[in-house]
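Source file: entry25.pdb. Holds: PDB, C-alpha atoms, pLDDT in the B column.
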```pdb
ATOM      1  CA  VAL A   8      40.168 -12.759 -42.412  1.00 83.00           C
ATOM      2  CA  ASP A   9      40.931 -11.438 -45.901  1.00 85.00           C
ATOM      3  CA  TYR A  10      37.201 -11.215 -46.590  1.00 89.00           C
ATOM      4  CA  LEU A  11      36.281  -9.497 -43.307  1.00 88.00           C
ATOM      5  CA  THR A  12      39.133  -6.995 -43.012  1.00 89.00           C
ATOM      6  CA  PRO A  13      37.719  -4.534 -45.605  1.00 89.00           C
ATOM      7  CA  HIS A  14      34.464  -4.445 -43.584  1.00 89.00           C
ATOM      8  CA  GLN A  15      36.163  -3.680 -40.277  1.00 87.00           C
ATOM      9  CA  ALA A  16      34.799  -0.128 -40.178  1.00 86.00           C
ATOM     10  CA  HIS A  17      31.411  -1.678 -39.317  1.00 87.00           C
ATOM     11  CA  PHE A  18      32.822  -3.713 -36.412  1.00 88.00           C
ATOM     12  CA  SER A  19      32.551  -2.943 -32.731  1.00 88.00           C
ATOM     13  CA  GLU A  20      35.747  -2.817 -30.684  1.00 87.00           C
ATOM     14  CA  ASP A  21      35.110  -6.338 -29.417  1.00 88.00           C
ATOM     15  CA  GLU A  22      34.493  -7.642 -32.942  1.00 88.00           C
ATOM     16  CA  SER A  23      37.719  -6.054 -34.191  1.00 89.00           C
ATOM     17  CA  ASP A  24      39.568  -7.744 -31.356  1.00 88.00           C
ATOM     18  CA  ARG A  25      38.027 -11.090 -32.279  1.00 86.00           C
ATOM     19  CA  LEU A  26      39.038 -10.610 -35.893  1.00 87.00           C
ATOM     20  CA  ALA A  27      42.648 -10.300 -34.770  1.00 87.00           C
ATOM     21  CA  ARG A  28      42.632 -13.004 -32.096  1.00 84.00           C
ATOM     22  CA  ASN A  29      40.037 -15.612 -33.050  1.00 81.00           C
ATOM     23  CA  PRO A  30      38.156 -14.776 -36.265  1.00 84.00           C
ATOM     24  CA  LEU A  31      36.008 -17.921 -36.185  1.00 81.00           C
ATOM     25  CA  ARG A  32      34.233 -16.561 -33.105  1.00 81.00           C
ATOM     26  CA  LEU A  33      32.720 -13.874 -35.324  1.00 86.00           C
ATOM     27  CA  LEU A  34      30.575 -16.533 -36.977  1.00 85.00           C
ATOM     28  CA  ASP A  35      28.219 -16.751 -33.980  1.00 79.00           C
ATOM     29  CA  THR A  36      27.739 -12.986 -33.732  1.00 82.00           C
ATOM     30  CA  LYS A  37      24.391 -11.531 -32.686  1.00 82.00           C
ATOM     31  CA  SER A  38      25.010  -8.343 -34.679  1.00 86.00           C
ATOM     32  CA  LYS A  39      22.657  -8.060 -37.653  1.00 87.00           C
ATOM     33  CA  ILE A  40      25.167  -5.906 -39.540  1.00 88.00           C
ATOM     34  CA  LEU A  41      27.903  -8.486 -39.122  1.00 89.00           C
ATOM     35  CA  ARG A  42      25.552 -11.369 -39.917  1.00 87.00           C
ATOM     36  CA  ASP A  43      24.657  -9.660 -43.200  1.00 89.00           C
ATOM     37  CA  ILE A  44      28.357  -9.274 -43.998  1.00 89.00           C
ATOM     38  CA  LEU A  45      29.041 -12.915 -43.132  1.00 88.00           C
ATOM     39  CA  ASP A  46      26.304 -14.105 -45.485  1.00 87.00           C
ATOM     40  CA  GLY A  47      28.679 -13.342 -48.336  1.00 86.00           C
ATOM     41  CA  ALA A  48      31.765 -14.837 -46.690  1.00 87.00           C
ATOM     42  CA  PRO A  49      33.476 -17.990 -47.995  1.00 86.00           C
ATOM     43  CA  LYS A  50      32.020 -21.165 -46.471  1.00 87.00           C
ATOM     44  CA  MET A  51      34.202 -23.340 -44.247  1.00 83.00           C
ATOM     45  CA  SER A  52      32.928 -26.459 -45.998  1.00 86.00           C
ATOM     46  CA  ALA A  53      34.726 -25.355 -49.164  1.00 87.00           C
ATOM     47  CA  TYR A  54      38.091 -25.673 -47.404  1.00 84.00           C
ATOM     48  CA  LEU A  55      37.782 -29.081 -45.753  1.00 87.00           C
ATOM     49  CA  SER A  56      40.420 -31.713 -46.413  1.00 90.00           C
ATOM     50  CA  ASP A  57      39.417 -34.964 -48.089  1.00 92.00           C
ATOM     51  CA  GLU A  58      39.866 -36.739 -44.752  1.00 91.00           C
ATOM     52  CA  SER A  59      37.549 -34.290 -42.992  1.00 89.00           C
ATOM     53  CA  ILE A  60      34.958 -34.593 -45.752  1.00 91.00           C
ATOM     54  CA  ASP A  61      34.997 -38.394 -45.480  1.00 93.00           C
ATOM     55  CA  ARG A  62      34.660 -38.230 -41.691  1.00 90.00           C
ATOM     56  CA  HIS A  63      31.818 -35.715 -41.897  1.00 91.00           C
ATOM     57  CA  THR A  64      30.006 -37.793 -44.511  1.00 92.00           C
ATOM     58  CA  LEU A  65      30.294 -40.916 -42.356  1.00 90.00           C
ATOM     59  CA  PHE A  66      28.948 -38.997 -39.365  1.00 89.00           C
ATOM     60  CA  LYS A  67      25.924 -37.795 -41.348  1.00 91.00           C
ATOM     61  CA  ASP A  68      25.312 -41.312 -42.661  1.00 89.00           C
ATOM     62  CA  GLN A  69      25.195 -42.576 -39.079  1.00 84.00           C
ATOM     63  CA  LEU A  70      22.683 -39.883 -38.144  1.00 87.00           C
ATOM     64  CA  HIS A  71      20.521 -40.949 -41.090  1.00 85.00           C
ATOM     65  CA  THR A  72      20.732 -44.583 -39.968  1.00 79.00           C
ATOM     66  CA  LEU A  73      19.582 -43.627 -36.478  1.00 77.00           C
ATOM     67  CA  GLY A  74      16.773 -41.442 -37.792  1.00 79.00           C
ATOM     68  CA  ILE A  75      18.170 -38.349 -36.072  1.00 85.00           C
ATOM     69  CA  PRO A  76      17.253 -35.122 -37.892  1.00 88.00           C
ATOM     70  CA  TYR A  77      19.977 -32.510 -38.186  1.00 92.00           C
ATOM     71  CA  VAL A  78      20.755 -29.168 -39.790  1.00 92.00           C
ATOM     72  CA  GLU A  79      24.227 -28.258 -41.026  1.00 92.00           C
ATOM     73  CA  ASN A  80      25.183 -24.801 -39.779  1.00 88.00           C
ATOM     74  CA  GLU A  81      28.225 -23.168 -41.376  1.00 85.00           C
ATOM     75  CA  HIS A  82      28.260 -20.527 -38.617  1.00 83.00           C
ATOM     76  CA  LEU A  83      28.274 -22.886 -35.637  1.00 85.00           C
ATOM     77  CA  VAL A  84      31.445 -22.483 -33.564  1.00 82.00           C
ATOM     78  CA  ARG A  85      32.535 -23.211 -30.012  1.00 81.00           C
ATOM     79  CA  GLY A  86      34.023 -20.623 -27.687  1.00 73.00           C
ATOM     80  CA  LEU A  87      37.261 -22.508 -27.002  1.00 76.00           C
ATOM     81  CA  ASP A  88      40.127 -22.956 -29.446  1.00 77.00           C
ATOM     82  CA  TYR A  89      40.935 -26.607 -28.811  1.00 85.00           C
ATOM     83  CA  TYR A  90      37.957 -28.002 -30.749  1.00 87.00           C
ATOM     84  CA  ASN A  91      38.591 -29.686 -34.096  1.00 85.00           C
ATOM     85  CA  ASP A  92      36.437 -31.193 -36.830  1.00 85.00           C
ATOM     86  CA  THR A  93      32.861 -31.729 -35.625  1.00 89.00           C
ATOM     87  CA  VAL A  94      31.099 -29.339 -33.270  1.00 91.00           C
ATOM     88  CA  PHE A  95      27.413 -29.653 -32.463  1.00 93.00           C
ATOM     89  CA  GLU A  96      24.396 -28.436 -30.557  1.00 93.00           C
ATOM     90  CA  TRP A  97      21.254 -30.315 -29.543  1.00 92.00           C
ATOM     91  CA  THR A  98      18.235 -28.058 -29.675  1.00 90.00           C
ATOM     92  CA  THR A  99      14.523 -28.168 -28.983  1.00 88.00           C
ATOM     93  CA  GLU A 100      11.611 -25.982 -30.013  1.00 86.00           C
ATOM     94  CA  CYS A 101       9.827 -26.629 -26.710  1.00 84.00           C
ATOM     95  CA  LEU A 102      11.741 -24.137 -24.554  1.00 84.00           C
ATOM     96  CA  GLY A 103      11.485 -20.940 -26.554  1.00 80.00           C
ATOM     97  CA  ALA A 104      14.657 -18.871 -26.813  1.00 79.00           C
ATOM     98  CA  GLN A 105      16.473 -21.217 -24.396  1.00 80.00           C
ATOM     99  CA  GLY A 106      16.340 -24.062 -26.889  1.00 86.00           C
ATOM    100  CA  THR A 107      19.935 -25.323 -26.740  1.00 89.00           C
ATOM    101  CA  LEU A 108      20.110 -28.397 -24.501  1.00 92.00           C
ATOM    102  CA  CYS A 109      23.647 -29.518 -25.185  1.00 93.00           C
ATOM    103  CA  ALA A 110      26.716 -28.232 -27.026  1.00 93.00           C
ATOM    104  CA  GLY A 111      30.162 -29.640 -27.628  1.00 93.00           C
ATOM    105  CA  GLY A 112      32.477 -31.196 -30.151  1.00 93.00           C
ATOM    106  CA  ARG A 113      35.686 -33.081 -30.799  1.00 92.00           C
ATOM    107  CA  TYR A 114      39.027 -32.084 -29.277  1.00 92.00           C
ATOM    108  CA  ASP A 115      41.408 -34.768 -30.459  1.00 92.00           C
ATOM    109  CA  THR A 116      44.575 -32.707 -29.891  1.00 92.00           C
ATOM    110  CA  LEU A 117      43.810 -31.370 -26.405  1.00 93.00           C
ATOM    111  CA  VAL A 118      45.395 -34.167 -24.361  1.00 94.00           C
ATOM    112  CA  ALA A 119      48.611 -33.911 -26.380  1.00 94.00           C
ATOM    113  CA  GLN A 120      48.626 -30.126 -25.934  1.00 92.00           C
ATOM    114  CA  LEU A 121      48.533 -30.705 -22.176  1.00 93.00           C
ATOM    115  CA  GLY A 122      51.510 -33.064 -22.333  1.00 94.00           C
ATOM    116  CA  GLY A 123      49.771 -36.423 -22.644  1.00 94.00           C
ATOM    117  CA  SER A 124      49.667 -39.006 -25.393  1.00 94.00           C
ATOM    118  CA  PRO A 125      47.524 -38.239 -28.464  1.00 92.00           C
ATOM    119  CA  THR A 126      44.001 -39.231 -27.436  1.00 94.00           C
ATOM    120  CA  PRO A 127      40.813 -38.990 -29.533  1.00 92.00           C
ATOM    121  CA  ALA A 128      38.188 -37.189 -27.482  1.00 93.00           C
ATOM    122  CA  ILE A 129      34.719 -35.710 -27.610  1.00 93.00           C
ATOM    123  CA  GLY A 130      32.760 -33.860 -24.967  1.00 92.00           C
ATOM    124  CA  CYS A 131      29.834 -31.588 -24.310  1.00 93.00           C
ATOM    125  CA  ALA A 132      28.104 -29.415 -21.752  1.00 92.00           C
ATOM    126  CA  LEU A 133      24.506 -30.247 -20.871  1.00 92.00           C
ATOM    127  CA  GLY A 134      21.903 -27.855 -19.509  1.00 90.00           C
ATOM    128  CA  LEU A 135      20.436 -30.018 -16.750  1.00 90.00           C
ATOM    129  CA  GLU A 136      17.722 -27.548 -15.788  1.00 89.00           C
ATOM    130  CA  ARG A 137      16.492 -27.433 -19.380  1.00 89.00           C
ATOM    131  CA  VAL A 138      16.525 -31.217 -19.653  1.00 87.00           C
ATOM    132  CA  LEU A 139      14.557 -31.521 -16.410  1.00 86.00           C
ATOM    133  CA  GLU A 140      12.059 -28.984 -17.698  1.00 86.00           C
ATOM    134  CA  LEU A 141      11.539 -31.105 -20.803  1.00 83.00           C
ATOM    135  CA  LEU A 142      11.234 -34.305 -18.774  1.00 78.00           C
ATOM    136  CA  GLU A 143       8.325 -32.870 -16.810  1.00 78.00           C
ATOM    137  CA  SER A 144       6.159 -33.376 -19.885  1.00 71.00           C
ATOM    138  CA  GLU A 145       7.456 -36.898 -20.613  1.00 68.00           C
ATOM    139  CA  PRO A 146       5.885 -40.114 -19.300  1.00 64.00           C
ATOM    140  CA  ILE A 147       7.718 -41.830 -16.455  1.00 61.00           C
ATOM    141  CA  ALA A 148       9.426 -45.064 -17.487  1.00 64.00           C
ATOM    142  CA  THR A 149       7.990 -48.106 -15.733  1.00 62.00           C
ATOM    143  CA  GLU A 150       8.587 -51.846 -15.712  1.00 70.00           C
ATOM    144  CA  PRO A 151       9.059 -53.998 -17.667  1.00 77.00           C
ATOM    145  CA  SER A 152      12.351 -52.792 -19.109  1.00 86.00           C
ATOM    146  CA  LEU A 153      14.282 -53.878 -22.183  1.00 87.00           C
ATOM    147  CA  ILE A 154      17.914 -53.590 -23.231  1.00 87.00           C
ATOM    148  CA  VAL A 155      19.089 -54.079 -26.808  1.00 89.00           C
ATOM    149  CA  LEU A 156      22.268 -56.150 -27.137  1.00 87.00           C
ATOM    150  CA  SER A 157      23.970 -57.641 -30.163  1.00 84.00           C
ATOM    151  CA  GLU A 158      26.275 -60.182 -31.604  1.00 74.00           C
ATOM    152  CA  SER A 159      29.261 -58.397 -33.157  1.00 67.00           C
ATOM    153  CA  LYS A 160      27.990 -58.392 -36.744  1.00 64.00           C
ATOM    154  CA  ALA A 161      24.698 -56.791 -35.705  1.00 66.00           C
ATOM    155  CA  GLN A 162      26.283 -53.977 -33.654  1.00 70.00           C
ATOM    156  CA  PRO A 163      25.557 -51.219 -36.238  1.00 72.00           C
ATOM    157  CA  TYR A 164      21.809 -51.795 -35.837  1.00 80.00           C
ATOM    158  CA  VAL A 165      21.575 -51.604 -32.038  1.00 85.00           C
ATOM    159  CA  GLN A 166      20.905 -47.883 -31.736  1.00 84.00           C
ATOM    160  CA  SER A 167      18.446 -47.664 -34.616  1.00 84.00           C
ATOM    161  CA  VAL A 168      16.409 -50.624 -33.301  1.00 87.00           C
ATOM    162  CA  ALA A 169      16.426 -49.190 -29.770  1.00 88.00           C
ATOM    163  CA  ARG A 170      15.340 -45.794 -31.060  1.00 87.00           C
ATOM    164  CA  THR A 171      12.420 -47.358 -32.925  1.00 86.00           C
ATOM    165  CA  ILE A 172      11.316 -49.256 -29.818  1.00 88.00           C
ATOM    166  CA  ARG A 173      11.582 -46.126 -27.631  1.00 86.00           C
ATOM    167  CA  SER A 174       9.369 -44.165 -30.005  1.00 85.00           C
ATOM    168  CA  ARG A 175       6.750 -46.935 -29.899  1.00 85.00           C
ATOM    169  CA  TYR A 176       6.901 -47.482 -26.130  1.00 84.00           C
ATOM    170  CA  PRO A 177       7.979 -44.165 -24.557  1.00 81.00           C
ATOM    171  CA  GLN A 178       6.581 -45.168 -21.171  1.00 80.00           C
ATOM    172  CA  PHE A 179       9.100 -47.988 -20.733  1.00 84.00           C
ATOM    173  CA  ARG A 180      12.814 -48.054 -20.020  1.00 87.00           C
ATOM    174  CA  ILE A 181      14.689 -49.006 -23.198  1.00 90.00           C
ATOM    175  CA  GLY A 182      18.480 -49.208 -23.049  1.00 90.00           C
ATOM    176  CA  VAL A 183      21.429 -50.215 -25.200  1.00 90.00           C
ATOM    177  CA  ASP A 184      24.854 -51.674 -24.497  1.00 87.00           C
ATOM    178  CA  LEU A 185      27.482 -50.192 -26.803  1.00 78.00           C
ATOM    179  CA  LYS A 186      30.532 -51.649 -25.085  1.00 79.00           C
ATOM    180  CA  GLU A 187      32.578 -54.099 -27.082  1.00 70.00           C
ATOM    181  CA  GLY A 188      32.791 -57.574 -25.638  1.00 78.00           C
ATOM    182  CA  ALA A 189      31.269 -60.999 -25.507  1.00 86.00           C
ATOM    183  CA  LEU A 190      27.510 -61.368 -25.316  1.00 87.00           C
ATOM    184  CA  LYS A 191      27.888 -63.113 -21.952  1.00 89.00           C
ATOM    185  CA  LYS A 192      29.433 -59.950 -20.508  1.00 90.00           C
ATOM    186  CA  GLN A 193      26.684 -57.807 -22.030  1.00 90.00           C
ATOM    187  CA  LEU A 194      24.034 -59.977 -20.394  1.00 91.00           C
ATOM    188  CA  LYS A 195      25.809 -59.766 -17.052  1.00 91.00           C
ATOM    189  CA  ARG A 196      25.870 -55.967 -17.250  1.00 90.00           C
ATOM    190  CA  ALA A 197      22.185 -55.929 -18.195  1.00 91.00           C
ATOM    191  CA  GLN A 198      21.314 -58.016 -15.140  1.00 90.00           C
ATOM    192  CA  GLN A 199      23.379 -55.730 -12.915  1.00 91.00           C
ATOM    193  CA  GLN A 200      21.403 -52.796 -14.321  1.00 89.00           C
ATOM    194  CA  GLN A 201      18.192 -54.680 -13.452  1.00 89.00           C
ATOM    195  CA  TYR A 202      16.693 -54.924 -16.921  1.00 91.00           C
ATOM    196  CA  THR A 203      13.785 -57.331 -17.283  1.00 89.00           C
ATOM    197  CA  TRP A 204      14.371 -58.419 -20.880  1.00 90.00           C
ATOM    198  CA  ALA A 205      17.211 -58.471 -23.387  1.00 91.00           C
ATOM    199  CA  LEU A 206      16.616 -58.177 -27.110  1.00 90.00           C
ATOM    200  CA  ILE A 207      19.669 -59.776 -28.697  1.00 89.00           C
ATOM    201  CA  LEU A 208      20.275 -58.870 -32.331  1.00 87.00           C
ATOM    202  CA  GLU A 209      21.967 -61.811 -34.011  1.00 84.00           C
ATOM    203  CA  THR A 210      22.001 -60.406 -37.547  1.00 81.00           C
ATOM    204  CA  GLU A 211      20.458 -57.483 -39.390  1.00 78.00           C
ATOM    205  CA  THR A 212      17.121 -59.326 -39.517  1.00 82.00           C
ATOM    206  CA  HIS A 213      17.100 -61.934 -36.726  1.00 85.00           C
ATOM    207  CA  TYR A 214      16.880 -61.596 -32.964  1.00 87.00           C
ATOM    208  CA  ARG A 215      16.031 -63.477 -29.818  1.00 87.00           C
ATOM    209  CA  PHE A 216      14.436 -62.383 -26.555  1.00 87.00           C
ATOM    210  CA  LYS A 217      15.886 -63.478 -23.242  1.00 88.00           C
ATOM    211  CA  CYS A 218      14.211 -62.874 -19.904  1.00 88.00           C
ATOM    212  CA  LEU A 219      16.789 -61.732 -17.354  1.00 88.00           C
ATOM    213  CA  LYS A 220      14.708 -62.431 -14.256  1.00 83.00           C
ATOM    214  CA  THR A 221      13.264 -65.897 -14.924  1.00 81.00           C
ATOM    215  CA  ASP A 222      14.319 -69.045 -16.777  1.00 77.00           C
ATOM    216  CA  ILE A 223      11.878 -68.614 -19.666  1.00 76.00           C
ATOM    217  CA  THR A 224      13.250 -70.247 -22.815  1.00 78.00           C
ATOM    218  CA  PRO A 225      14.691 -67.592 -25.175  1.00 78.00           C
ATOM    219  CA  ILE A 226      12.330 -66.719 -28.027  1.00 82.00           C
ATOM    220  CA  ASP A 227      13.622 -66.321 -31.583  1.00 84.00           C
ATOM    221  CA  GLY A 228      12.168 -64.115 -34.281  1.00 83.00           C
ATOM    222  CA  THR A 229      12.786 -61.758 -37.167  1.00 81.00           C
ATOM    223  CA  LEU A 230      12.484 -57.994 -37.188  1.00 77.00           C
ATOM    224  CA  ASP A 231       9.329 -58.378 -39.282  1.00 80.00           C
ATOM    225  CA  THR A 232       7.588 -59.842 -36.217  1.00 80.00           C
ATOM    226  CA  LEU A 233       9.329 -57.712 -33.585  1.00 84.00           C
ATOM    227  CA  ASN A 234       6.441 -55.341 -32.883  1.00 82.00           C
ATOM    228  CA  GLN A 235       4.024 -58.219 -32.422  1.00 83.00           C
ATOM    229  CA  GLN A 236       6.367 -59.929 -29.984  1.00 81.00           C
ATOM    230  CA  LEU A 237       6.922 -56.709 -28.061  1.00 84.00           C
ATOM    231  CA  ASP A 238       3.174 -56.095 -27.824  1.00 83.00           C
ATOM    232  CA  THR A 239       2.175 -59.565 -26.695  1.00 79.00           C
ATOM    233  CA  LEU A 240       5.188 -60.935 -24.862  1.00 72.00           C
ATOM    234  CA  ILE A 241       6.842 -58.027 -23.108  1.00 73.00           C
ATOM    235  CA  PHE A 242       4.795 -54.867 -22.896  1.00 73.00           C
ATOM    236  CA  GLY A 243       1.362 -56.464 -22.861  1.00 68.00           C
ATOM    237  CA  THR A 244      -0.360 -53.849 -25.010  1.00 54.00           C
TER     238      THR A 244
END
```
File written out as structure tokens:
Amino acid sequence: VDYLTPHQAHFSEDESDRLARNPLRLLDTKSKILRDILDGAPKMSAYLSDESIDRHTLFKDQLHTLGIPYVENEHLVRGLDYYNDTVFEWTTECLGAQGTLCAGGRYDTLVAQLGGSPTPAIGCALGLERVLELLESEPIATEPSLIVLSESKAQPYVQSVARTIRSRYPQFRIGVDLKEGALKKQLKRAQQQQYTWALILETETHYRFKCLKTDITPIDGTLDTLNQQLDTLIFGT
């Protein structure tokens, strides 16, 4: 606010009102004049607490682990005041100017503000029409299907392994189970969801396949041989 106030003569009436009521909303302005002014403004990242920095660093590390590309945007804000810490958008270059598919963030204090118990929370809004438009160009998932499960110590690798398999076999249904619980319960959920195979990660490097529709003996292996097993045993490529 201290930085922007001397520039207020260049603001529209609406922008002046935002400066008084909710100055962060000015960061997503479409005005070229205001964008040029904001280029010289102090960056929010310079004022994060140590706790927020640690949380943000952990979040980025997880994105790296999953192979998800991202861009940090100091001007990204949400239109509602209850958001805290991380806010995000998922974008695509395939839909022209309408490239935002999903937007949201954390609102860990909202439930308490409404009279409930403090509850960590995250949410988003998804543009279903845009997602459907993208899906029109994607192959339709067919059988067989595979779900990636894990023993507890291999849980951090579930999403990255599943992502790798999806990129190699986009025509098939590849799922994950991120719920905490015994492997027996994970397998039961997988059967209820009618998956054909389960890839069970036992450690960072070892796995076993289990067929969920027949009594084939589970097959053990290491991640070094995973692609070969997927090609010959499951997807028949």
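Proximity of A:Glu22, A:Thr126, A:Lys50, A:Ser167 to A:Ser38, computed with all atoms listed in the file, is greatest for A:Glu22.
For the atom pair formed by atom CA of A:Val183 and atom CA of A:Leu65, the distance is 21.4 Å, given to one decimal.
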Please provide as an MDAnalysis selection string all residues within 12 Å of A:Asp35, with the sequence filter that same-chain residues fewer than 5 positions apart are discarded (counting all atoms listed in the file). chainID A and resid 22 25 29:30 41:42 45:46 80:86
Rounded to one decimal, what separation in Å do you get between atom CA of A:Pro151 and atom CA of A:Ile181? 9.3 Å
Nearest residue to A:Ile75 out of A:Arg170, A:Arg113, A:Lys220, A:His17, using only C-alpha atoms?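 Among A:Arg170, A:Arg113, A:Lys220, A:His17, it is A:Arg170 that comes nearest to A:Ile75.
The space between atom CA of A:Arg173 and atom CA of A:Arg137 spans 21.0 Å.
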Go through the shown structure with the PyMOL selection byres ((chain A and resi 229-244) around 6) and write out the matching residues as number ranges by chain. A: 212-214, 228
Neighbour list for A:Trp204 as a PyMOL selection string, cut-off 12 Å, all atoms listed in the file, skip fewer than 3 positions in-chain: chain A and resi 150-156+179-183+194+197-198+200-201+207+215-223+225-226+237+240-242
For a cut-off of 9 Å around (31.1, -5.9, -35.6), file coordinates, pick out all residues using all atoms listed in the file and list them as a PDB file with C-alpha atoms, keeping the file's coordinate frame.
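The new file part15.pdb reads:
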```
ATOM      1  CA  HIS A  14      34.464  -4.445 -43.584  1.00 89.00           C
ATOM      2  CA  GLN A  15      36.163  -3.680 -40.277  1.00 87.00           C
ATOM      3  CA  ALA A  16      34.799  -0.128 -40.178  1.00 86.00           C
ATOM      4  CA  HIS A  17      31.411  -1.678 -39.317  1.00 87.00           C
ATOM      5  CA  PHE A  18      32.822  -3.713 -36.412  1.00 88.00           C
ATOM      6  CA  SER A  19      32.551  -2.943 -32.731  1.00 88.00           C
ATOM      7  CA  GLU A  20      35.747  -2.817 -30.684  1.00 87.00           C
ATOM      8  CA  ASP A  21      35.110  -6.338 -29.417  1.00 88.00           C
ATOM      9  CA  GLU A  22      34.493  -7.642 -32.942  1.00 88.00           C
ATOM     10  CA  SER A  23      37.719  -6.054 -34.191  1.00 89.00           C
ATOM     11  CA  LEU A  33      32.720 -13.874 -35.324  1.00 86.00           C
ATOM     12  CA  THR A  36      27.739 -12.986 -33.732  1.00 82.00           C
ATOM     13  CA  SER A  38      25.010  -8.343 -34.679  1.00 86.00           C
ATOM     14  CA  LYS A  39      22.657  -8.060 -37.653  1.00 87.00           C
ATOM     15  CA  ILE A  40      25.167  -5.906 -39.540  1.00 88.00           C
ATOM     16  CA  LEU A  41      27.903  -8.486 -39.122  1.00 89.00           C
ATOM     17  CA  ARG A  42      25.552 -11.369 -39.917  1.00 87.00           C
TER      18      ARG A  42
END
```
Could you name the residues that touch stretch 92-102 of chain A at 10 Å or less, counting only C-alpha atoms, but leaving out those on the same chain fewer than 4 positions away, as a ChimeraX atom specification? /A:55,59-60,62-63,66,77-80,83-85,106-115,129-133,137-138,140-141
When distances are computed from all atoms listed in the file, which of A:Leu73, A:Ala48, A:Gly134, A:Glu209 shows the smallest separation from A:Thr12?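 Of A:Leu73, A:Ala48, A:Gly134, A:Glu209, the one nearest A:Thr12 is A:Ala48, counting all atoms listed in the file.
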Just say which residues the PyMOL selection byres ((chain A and resi 185) around 9) picks in this file, as a list in words. Leu156, Ser157, Gln162, Val165, Gln166, Val183, Asp184, Lys186 and Glu187 of chain A
Selection file, C-alpha atoms, as a short mmCIF file (atom, residue, chain, number, x, y, z; two decimals), in the frame of the given file:
```
data_model
loop_
_atom_site.label_atom_id
_atom_site.label_comp_id
_atom_site.auth_asym_id
_atom_site.auth_seq_id
_atom_site.Cartn_x
_atom_site.Cartn_y
_atom_site.Cartn_z
CA LEU A 156 22.27 -56.15 -27.14
CA SER A 157 23.97 -57.64 -30.16
CA GLN A 162 26.28 -53.98 -33.65
CA VAL A 165 21.58 -51.60 -32.04
CA GLN A 166 20.90 -47.88 -31.74
CA VAL A 183 21.43 -50.22 -25.20
CA ASP A 184 24.85 -51.67 -24.50
CA LYS A 186 30.53 -51.65 -25.08
CA GLU A 187 32.58 -54.10 -27.08
#
```
Quick one: apply the PyMOL selection byres ((chain A and resi 89) around 7) to the file and drop the selected residues here as a VMD selection string. chain A and resid 87 to 88 90 to 91 114 117
Point out the residue among A:Glu158, A:Val8, A:Leu31, A:Gln69 with the least atom-to-atom distance to A:Lys192, counting all atoms listed in the file.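 Closest to A:Lys192, using all atoms listed in the file: A:Glu158.
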